[in-house]
Amino acid sequence: MTRLRLSNERGHARQGWLDSYHTFSFGHYYDPEHLGFSNLRVINDDTVVPGAGFGTHGHQDMEIISYVLDGALEHKDSMGNGSVMRPGDVQRMSAGTGVQHSEYNHSKSEPVHFLQIWLEPNRFGVEPGYEEKHFSPAERRGRLALLVSPDGRDGSLSAHQDGLLYGTLLEAGEAVEHSLASGRRAYVHVARGRVAVNGQAMDSGDGVALDDVGQVRLEGLGHAEVLLFDLS
């Protein structure tokens, strides 16, 4: 089964400082048809104006992944971590028993555009944790680079969840394929650009849930940046 989620069908929240699109139900946006997929609970596509951001707030028992597309995202948390993330940087924060953090646009002149992804953990009540890594364009160009896994294999970030997150950069005519083990499902999110997913053309912000398929083929229809989730 293939379930397409078009960009313009997503939830949308706009404030003076934030423009946010929600693939799944989040905050004041509720859609019983889109509550998540497997243990994938949130894909928020956020753009924050210069100097603004999310003040200190708390999370518990969630694996939170931040993926920067453009600009600079400043992070601080109650574990003592602080960093400025830029394109290609991926951050994993395990909220576990509870963590406080803030996220701000580090720039005073340019917006920051990033994806915030929540995965439900496979272990609850763990000690909060944090990890961050840069994945260069060369590591992702024309191939599926493993960004997040349960065990940190192949240089990926590790998280307390049953899933694999891959990222790729594709040009027109470039293609990558991913095989799904029996009982696994996939979700593909087009961060930007245009790509064909198993022959289905998709644009920036589109997503697709894939059940009962053994193979996922991504083919660039122009420059594209794509995330692929391999889920239980």
# chains A, B, ... in the order shown; residues from 1 in each chain; ligands from 1
>>> closest_atom_pairs(of="range 123-221 of chain A", to="range 92-101 of chain A", cutoff="10 Å", atoms="only C-alpha atoms", output="Markdown table")
| residue | atom | partner | partner_atom | distance |
| --- | --- | --- | --- | --- |
| A:Arg123 | CA | A:Gly96 | CA | 8.4 |
| A:Phe124 | CA | A:Gly96 | CA | 6.3 |
| A:Gly125 | CA | A:Thr97 | CA | 4.8 |
| A:Val126 | CA | A:Gly96 | CA | 4.6 |
| A:Glu127 | CA | A:Gly96 | CA | 5.5 |
| A:Pro128 | CA | A:Gly96 | CA | 4.8 |
| A:Gly129 | CA | A:Ser94 | CA | 4.9 |
| A:Tyr130 | CA | A:Met93 | CA | 4.5 |
| A:Glu131 | CA | A:Arg92 | CA | 5.2 |
| A:Glu132 | CA | A:Arg92 | CA | 6.2 |
| A:Lys133 | CA | A:Arg92 | CA | 8.9 |
| A:Leu147 | CA | A:Arg92 | CA | 9.9 |
| A:Val148 | CA | A:Arg92 | CA | 8.2 |
| A:Leu157 | CA | A:Arg92 | CA | 7.0 |
| A:Ser158 | CA | A:Arg92 | CA | 7.8 |
| A:Ala159 | CA | A:Ser94 | CA | 7.0 |
| A:His160 | CA | A:Ser94 | CA | 7.4 |
| A:Gln161 | CA | A:Ser94 | CA | 9.8 |
>>> write_last_selection(atoms="C-alpha atoms", output="compact mmCIF listing (two decimals), in the first residue's frame")
# COMPACT_ATOMS: atom_id res chain seq x y z
CA ARG A 123 12.99 2.08 25.94
CA PHE A 124 11.34 4.47 28.37
CA GLY A 125 12.80 6.20 31.40
CA VAL A 126 16.37 6.21 30.08
CA GLU A 127 18.97 8.78 31.07
CA PRO A 128 18.73 11.78 28.73
CA GLY A 129 21.39 11.86 26.02
CA TYR A 130 22.70 14.02 23.20
CA GLU A 131 24.71 13.46 20.04
CA GLU A 132 25.48 15.54 16.97
CA LYS A 133 27.32 14.86 13.71
CA LEU A 147 22.13 9.06 9.73
CA VAL A 148 20.42 7.44 12.75
CA LEU A 157 23.96 8.61 15.46
CA SER A 158 22.47 6.12 17.93
CA ALA A 159 18.95 6.41 19.33
CA HIS A 160 16.64 4.39 21.57
CA GLN A 161 14.21 3.48 18.79
>>> residues_around(residues="Tyr187 in chain A", least_positions_apart="6", cutoff="8 Å", atoms="only C-alpha atoms", output="ChimeraX atom specification")
/A:37,207-210,228-231
>>> closest_residue(among="A:Ile65, A:Val216, A:Val226, A:Val190", to="Ser204 in chain A", atoms="only C-alpha atoms")
A:Val190
>>> closest_residue(among="A:Ser102, A:Asn198, A:Asn39, A:Ser136", to="Gly88 in chain A", atoms="only C-alpha atoms")
A:Ser136
>>> closest_atom_pairs(of="range 67-153 of chain A", to="range 3-21 of chain A", cutoff="10 Å", atoms="only C-alpha atoms", output="CSV")
residue,atom,partner,partner_atom,distance
A:Pro111,CA,A:Trp17,CA,9.6
A:Val112,CA,A:Leu18,CA,10.0
A:His113,CA,A:Asp19,CA,9.4
A:Phe114,CA,A:Ser20,CA,9.8
A:Leu115,CA,A:Ser20,CA,9.5
>>> closest_residue(among="A:Ser83, A:Ser78, A:Ser156, A:Gln116", to="His22 in chain A", atoms="only C-alpha atoms")
A:Gln116
>>> atom_distance(atom1="CA of Ala181 in chain A", atom2="CA of Val90 in chain A")
25.5 Å
>>> closest_residue(among="A:Ala224, A:Val68, A:Leu35, A:Leu218", to="Gly205 in chain A", atoms="only C-alpha atoms")
A:Ala224
>>> residues_around(residues="Trp118 in chain A", least_positions_apart="2", cutoff="7 Å", atoms="only C-alpha atoms", output="PyMOL selection string")
chain A and resi 40-43+62-65+116+120
>>> write_last_selection(atoms="C-alpha atoms", output="compact mmCIF listing (two decimals), in the first residue's frame")
# COMPACT_ATOMS: atom_id res chain seq x y z
CA LEU A 40 7.52 8.03 13.55
CA ARG A 41 5.45 10.67 15.33
CA VAL A 42 6.53 14.09 14.06
CA ILE A 43 8.05 15.67 10.97
CA MET A 62 10.99 10.84 22.97
CA GLU A 63 13.88 10.57 20.50
CA ILE A 64 14.17 14.01 18.89
CA ILE A 65 16.16 14.55 15.71
CA GLN A 116 12.34 18.42 13.64
CA GLU A 120 8.85 7.05 19.86
>>> closest_residue(among="A:Val213, A:Leu170, A:Leu221, A:Leu144", to="Gly183 in chain A", atoms="only C-alpha atoms")
A:Val213
>>> select_by_dssp(residues="range 5-228 of chain A", states="strand (DSSP E or B)", output="count of residues only")
129
>>> atom_distance(atom1="CA of Tyr166 in chain A", atom2="CA of Leu146 in chain A")
4.5 Å
>>> atom_distance(atom1="CA of Pro50 in chain A", atom2="CA of Thr168 in chain A")
27.8 Å
